[in-house]
Structures are given as structure tokens and as C-alpha cells.
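For reference, the structure is listed below as C-alpha cells.
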Amino acid sequence: MSSSQFDPIPMAPTEDPAPAAAPPAPDGEANAIRDAIREAIAEHDVILFMKGTPEAPACGFSARTVAILQSLEVPFAAVDILPDPRIRQELSAISQWPTIPQLFHGGELLGGCDIVTEMYESGELEQALR
Amino acid sequence: MPTPHEIKQRIEAALPGARAEVEDTTGTADHFRATVTAPAFEGLSRIEQHKLVYGALEPDIGGAIHALALKTQTPSTVETP
């Protein structure tokens, strides 16, 4: 954990430590996590939700996705979903995507490891992210 | 524990005309690789194609099925030389 952008939500990945001004929510904390995830996706052009960190991925699929992004030299924010199971729940509720990792670009889900790998191999990923 | 055969059947039952090839990549009945060919994928983005397959396997994705490496294609892309 060398950089604040790799801290888990809701502490990061915003560089601003102040919590988001979320509307009052009935089931408070889950919605706060969901809002923090939405905000992170909106604020970072390229953001990867993964198991572990880019320095120490905790899953082969996350590791492969990180390696692809690094090989393209694309700057990206990363969020470790492991510290709190609610991060994954809320993320999948937002994205309607059940698995980790999830790569977002420009606020949209690009895909998980398989799609990112296919796009990398076809050159589409480099085109999309540059 | 789902078997590759069961996963294949669930995908093919959910997507009309689909053909699925499924293998257990670790021998532990929780990591799988699937290649799915379906007319229903025509005109859809990869994300949408994968979501159709995931939908067929709800709620086991992320549960009994820890990992599913997925490749989707349409019959026309397969038949194209």
C-alpha cells in the first residue's frame, strides 16, 4: 500500500479524504458504500476493482488484468474489494456483473478478465484506453 | 458442486439454440472454462453476451462457481472463415 489510491472504499480512491455528501439513505451504510463506489467510478477515468492490490494481487484473474493495464502503461486507480464483503455486493449491484475483477473506463464497465484479455489481444483495449 | 455437464445444460436451456462447451479447469468442480456459441448474442456487446450467460447460472456465480472463464461467440463469427 504505497499510494492512497489503493486504499479500500470508502476511505479512497478519491484523493479527497472528506466523505461524499450523500443524500440521507434508509439503510445507511450499504448506501454509503454504494455511493462511494459510484463516485469512485465517476471520478477515475480508468478504475479497476480487484482482489488484492496491484502490488499484491490476491487472485490470478485480478493479477492478469493488472498485468495487461501495466503493459499498456495506462494509469489506473485500483480498489481492493476484499477488506469488506459489502464492497463486492454493492459493486455487483451497480454493475450487474457478478465477478471480480471489474474494469471501468469513463464511468462504464468494460468487462472482467476475459473481456479485457480479448480486447487486449485484439488491440481494442489500447484503442479504448488511449 | 456443479458439474461441467450441468453448467452446459443450464446455459443451453437458457439461451435458445446455444451450444456450450464447458470444462472443469482445476478438477475441483468450482473453476470452469466455457465457450458459448449462441444466435442470441448477435448484435450484443461482449458485456451483454456475458451477462446472458451469467444470468443462466445465477445464483451460483461467485458462489459454487468460483470462477468461470468465458468466451462468447455468435454462429456467424464461428462460420466465417
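Each chain of the C-alpha cells is named A, B, ... in the order shown, its residues numbered from 1; ligands are numbered from 1 in display order.
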
Taking only C-alpha atoms into account, produce a table as a tab-separated table in which each residue of chain A with an atom at most 8 Å from an atom of chain B appears once, together with its shortest atom pair and the distance in Å to one decimal, ordered by chain and rising number.
residue	atom	partner	partner_atom	distance
A:Gln96	CA	B:Lys51	CA	7.9
A:Trp97	CA	B:Lys51	CA	7.0
A:Pro98	CA	B:Ile61	CA	6.5
A:Thr99	CA	B:Gly62	CA	6.3
A:Leu110	CA	B:Ile47	CA	7.3
A:Gly111	CA	B:Ile47	CA	6.2
A:Asp114	CA	B:Leu70	CA	6.3
A:Ile115	CA	B:Arg46	CA	7.0

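Residues lying within 12 Å of Gln70 of chain A, counting only C-alpha atoms and ignoring same-chain neighbours fewer than 4 positions away, are Leu48, Pro54, Glu55, Ala63, Arg64, Thr65, Val66, Val74, Pro75, Phe76, Ala77, Tyr120 and Glu126 of chain A.
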
Can you list, as a CSV table (one decimal) with C-alpha atoms, in the first residue's frame, every protein, DNA or RNA residue that comes within 10 Å of Glu90 of chain A when you count only C-alpha atoms, leaving out same-chain residues fewer than 6 positions away?
chain,number,residue,atom,x,y,z
A,30,ALA,CA,-24.8,0.0,2.4
A,31,ASN,CA,-25.9,3.0,0.5
A,32,ALA,CA,-22.9,5.0,1.7
A,33,ILE,CA,-20.7,2.2,0.2
A,34,ARG,CA,-22.7,2.2,-3.0
A,35,ASP,CA,-22.4,6.0,-3.2
A,36,ALA,CA,-18.7,5.8,-2.6
A,37,ILE,CA,-18.3,3.2,-5.3
A,38,ARG,CA,-20.4,5.3,-7.8
A,96,GLN,CA,-25.0,-6.1,-12.7

Find the residues near Pro57 of chain A: any atom within 12 Å, counting only C-alpha atoms, skip ones fewer than 2 places away on the same chain, and give them as a short mmCIF file (atom, residue, chain, number, x, y, z; two decimals) with C-alpha atoms, in the first residue's frame.
data_model
loop_
_atom_site.label_atom_id
_atom_site.label_comp_id
_atom_site.auth_asym_id
_atom_site.auth_seq_id
_atom_site.Cartn_x
_atom_site.Cartn_y
_atom_site.Cartn_z
CA MET A 1 0.00 0.00 0.00
CA PHE A 6 -5.19 1.76 -3.47
CA LEU A 48 -10.13 -1.50 -11.51
CA PHE A 49 -11.99 -3.28 -8.73
CA MET A 50 -9.87 -6.28 -7.84
CA LYS A 51 -8.92 -8.82 -5.21
CA GLY A 52 -5.77 -7.56 -3.53
CA THR A 53 -3.67 -4.67 -4.75
CA PRO A 54 -1.74 -4.12 -8.00
CA GLU A 55 1.44 -4.82 -6.00
CA CYS A 59 -6.35 -13.77 -7.45
CA GLY A 60 -4.98 -14.87 -10.81
CA PHE A 61 -7.72 -13.07 -12.75
CA SER A 62 -7.03 -9.79 -10.97
CA ALA A 63 -3.30 -10.30 -11.49
CA ARG A 64 -3.75 -10.83 -15.22
CA THR A 65 -5.90 -7.72 -15.58
CA VAL A 66 -3.36 -5.60 -13.68
CA ALA A 67 -0.55 -7.00 -15.86
CA ALA A 78 -7.43 0.29 -8.06
CA VAL A 79 -9.79 -0.73 -5.29
CA ASP A 80 -9.28 -3.88 -3.25
CA ILE A 81 -12.71 -5.42 -2.67
CA LEU A 82 -11.51 -7.96 -0.11
CA ILE A 100 -14.18 -9.73 -9.86
CA PRO A 101 -12.14 -8.07 -11.35
#

Separation of atom CA of Ala20 of chain B and atom CA of Ala34 of chain B, in Å? 6.6 Å

May I ask which of the residues B:Arg19, B:Arg33, B:His5, B:Arg10 is the closest one to Pro75 of chain B, counting only C-alpha atoms? B:Arg19

Identify all residues of chain B in helix (DSSP H, G or I) (DSSP on the backbone) and supply them as a ChimeraX atom specification. /B:4-14,39-41,46-57,75-79

Please write the residues from the selection above to a file, keeping N, CA and C atoms, as a tab-separated table (two decimals), in the first residue's frame.
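Saved as part39.tsv:
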chain	number	residue	atom	x	y	z
B	4	PRO	N	-19.45	-29.80	-15.08
B	4	PRO	CA	-19.41	-29.14	-16.39
B	4	PRO	C	-20.66	-29.45	-17.21
B	5	HIS	N	-21.13	-30.69	-17.10
B	5	HIS	CA	-22.31	-31.09	-17.87
B	5	HIS	C	-23.54	-30.29	-17.43
B	6	GLU	N	-23.66	-30.12	-16.11
B	6	GLU	CA	-24.81	-29.38	-15.58
B	6	GLU	C	-24.75	-27.91	-16.03
B	7	ILE	N	-23.57	-27.34	-16.00
B	7	ILE	CA	-23.41	-25.94	-16.43
B	7	ILE	C	-23.75	-25.81	-17.90
B	8	LYS	N	-23.27	-26.75	-18.69
B	8	LYS	CA	-23.58	-26.76	-20.13
B	8	LYS	C	-25.09	-26.80	-20.34
B	9	GLN	N	-25.76	-27.69	-19.61
B	9	GLN	CA	-27.21	-27.82	-19.78
B	9	GLN	C	-27.95	-26.55	-19.38
B	10	ARG	N	-27.49	-25.92	-18.29
B	10	ARG	CA	-28.17	-24.71	-17.84
B	10	ARG	C	-28.01	-23.58	-18.86
B	11	ILE	N	-26.82	-23.47	-19.42
B	11	ILE	CA	-26.59	-22.40	-20.42
B	11	ILE	C	-27.43	-22.69	-21.67
B	12	GLU	N	-27.41	-23.94	-22.12
B	12	GLU	CA	-28.13	-24.26	-23.35
B	12	GLU	C	-29.64	-24.17	-23.16
B	13	ALA	N	-30.11	-24.44	-21.94
B	13	ALA	CA	-31.55	-24.33	-21.67
B	13	ALA	C	-31.99	-22.86	-21.65
B	14	ALA	N	-31.10	-21.99	-21.19
B	14	ALA	CA	-31.48	-20.58	-21.04
B	14	ALA	C	-31.39	-19.81	-22.36
B	39	PRO	N	-27.04	-17.79	-31.12
B	39	PRO	CA	-27.62	-16.77	-32.01
B	39	PRO	C	-28.07	-15.55	-31.22
B	40	ALA	N	-28.44	-15.75	-29.96
B	40	ALA	CA	-28.93	-14.64	-29.14
B	40	ALA	C	-27.86	-13.57	-28.91
B	41	PHE	N	-26.59	-13.91	-29.15
B	41	PHE	CA	-25.51	-12.93	-28.93
B	41	PHE	C	-25.40	-11.92	-30.06
B	46	ARG	N	-19.91	-7.53	-25.86
B	46	ARG	CA	-19.39	-8.66	-25.08
B	46	ARG	C	-19.97	-8.66	-23.67
B	47	ILE	N	-20.06	-7.45	-23.11
B	47	ILE	CA	-20.62	-7.34	-21.76
B	47	ILE	C	-22.02	-7.96	-21.73
B	48	GLU	N	-22.84	-7.59	-22.70
B	48	GLU	CA	-24.22	-8.08	-22.73
B	48	GLU	C	-24.25	-9.60	-22.97
B	49	GLN	N	-23.35	-10.07	-23.81
B	49	GLN	CA	-23.28	-11.52	-24.07
B	49	GLN	C	-22.92	-12.28	-22.80
B	50	HIS	N	-21.92	-11.78	-22.09
B	50	HIS	CA	-21.52	-12.46	-20.86
B	50	HIS	C	-22.61	-12.40	-19.81
B	51	LYS	N	-23.33	-11.27	-19.77
B	51	LYS	CA	-24.41	-11.16	-18.78
B	51	LYS	C	-25.50	-12.20	-19.04
B	52	LEU	N	-25.77	-12.49	-20.30
B	52	LEU	CA	-26.78	-13.52	-20.61
B	52	LEU	C	-26.34	-14.87	-20.04
B	53	VAL	N	-25.06	-15.18	-20.19
B	53	VAL	CA	-24.57	-16.46	-19.68
B	53	VAL	C	-24.57	-16.47	-18.15
B	54	TYR	N	-24.10	-15.37	-17.57
B	54	TYR	CA	-24.13	-15.30	-16.10
B	54	TYR	C	-25.56	-15.46	-15.58
B	55	GLY	N	-26.49	-14.83	-16.30
B	55	GLY	CA	-27.90	-14.90	-15.88
B	55	GLY	C	-28.40	-16.33	-15.81
B	56	ALA	N	-27.90	-17.16	-16.75
B	56	ALA	CA	-28.32	-18.56	-16.77
B	56	ALA	C	-27.78	-19.32	-15.57
B	57	LEU	N	-26.72	-18.80	-14.98
B	57	LEU	CA	-26.05	-19.54	-13.91
B	57	LEU	C	-26.28	-18.92	-12.53
B	75	PRO	N	-22.97	-17.67	-33.97
B	75	PRO	CA	-22.77	-18.68	-35.02
B	75	PRO	C	-22.11	-18.07	-36.25
B	76	SER	N	-22.44	-16.83	-36.59
B	76	SER	CA	-21.87	-16.26	-37.82
B	76	SER	C	-20.38	-16.01	-37.69
B	77	THR	N	-19.91	-15.63	-36.49
B	77	THR	CA	-18.47	-15.41	-36.36
B	77	THR	C	-17.70	-16.72	-36.38
B	78	VAL	N	-18.37	-17.80	-35.94
B	78	VAL	CA	-17.71	-19.10	-35.96
B	78	VAL	C	-17.60	-19.62	-37.38
B	79	GLU	N	-18.69	-19.43	-38.18
B	79	GLU	CA	-18.72	-20.00	-39.53
B	79	GLU	C	-17.86	-19.19	-40.50

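Across the structure, atom CA of Gln127 of chain A and atom CA of Ile47 of chain A are spaced 16.5 Å apart.
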
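For segment 6-128 of chain A, a DSSP pass over the backbone yields strand (DSSP E) at A:Val46, A:Ile47, A:Leu48, A:Phe49, A:Met50, A:Ala77, A:Ala78, A:Val79, A:Asp80, A:Gln102, A:Leu103, A:Phe104, A:His105, A:Glu108, A:Leu109, A:Leu110, A:Gly111.
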
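Of the listed residues (A:Ala93, A:Val46, A:Ile41, A:Ala56), A:Val46 comes nearest to Glu73 of chain A; the distances count only C-alpha atoms.
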
One number please: atom CA of Ile68 of chain A to atom CA of Thr37 of chain B, in Å, one decimal. 26.1 Å

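Minimum distance to Glu23 of chain B across B:Thr35, B:Thr74, B:Ala64, B:Gly43 (counting only C-alpha atoms) occurs at B:Thr35.
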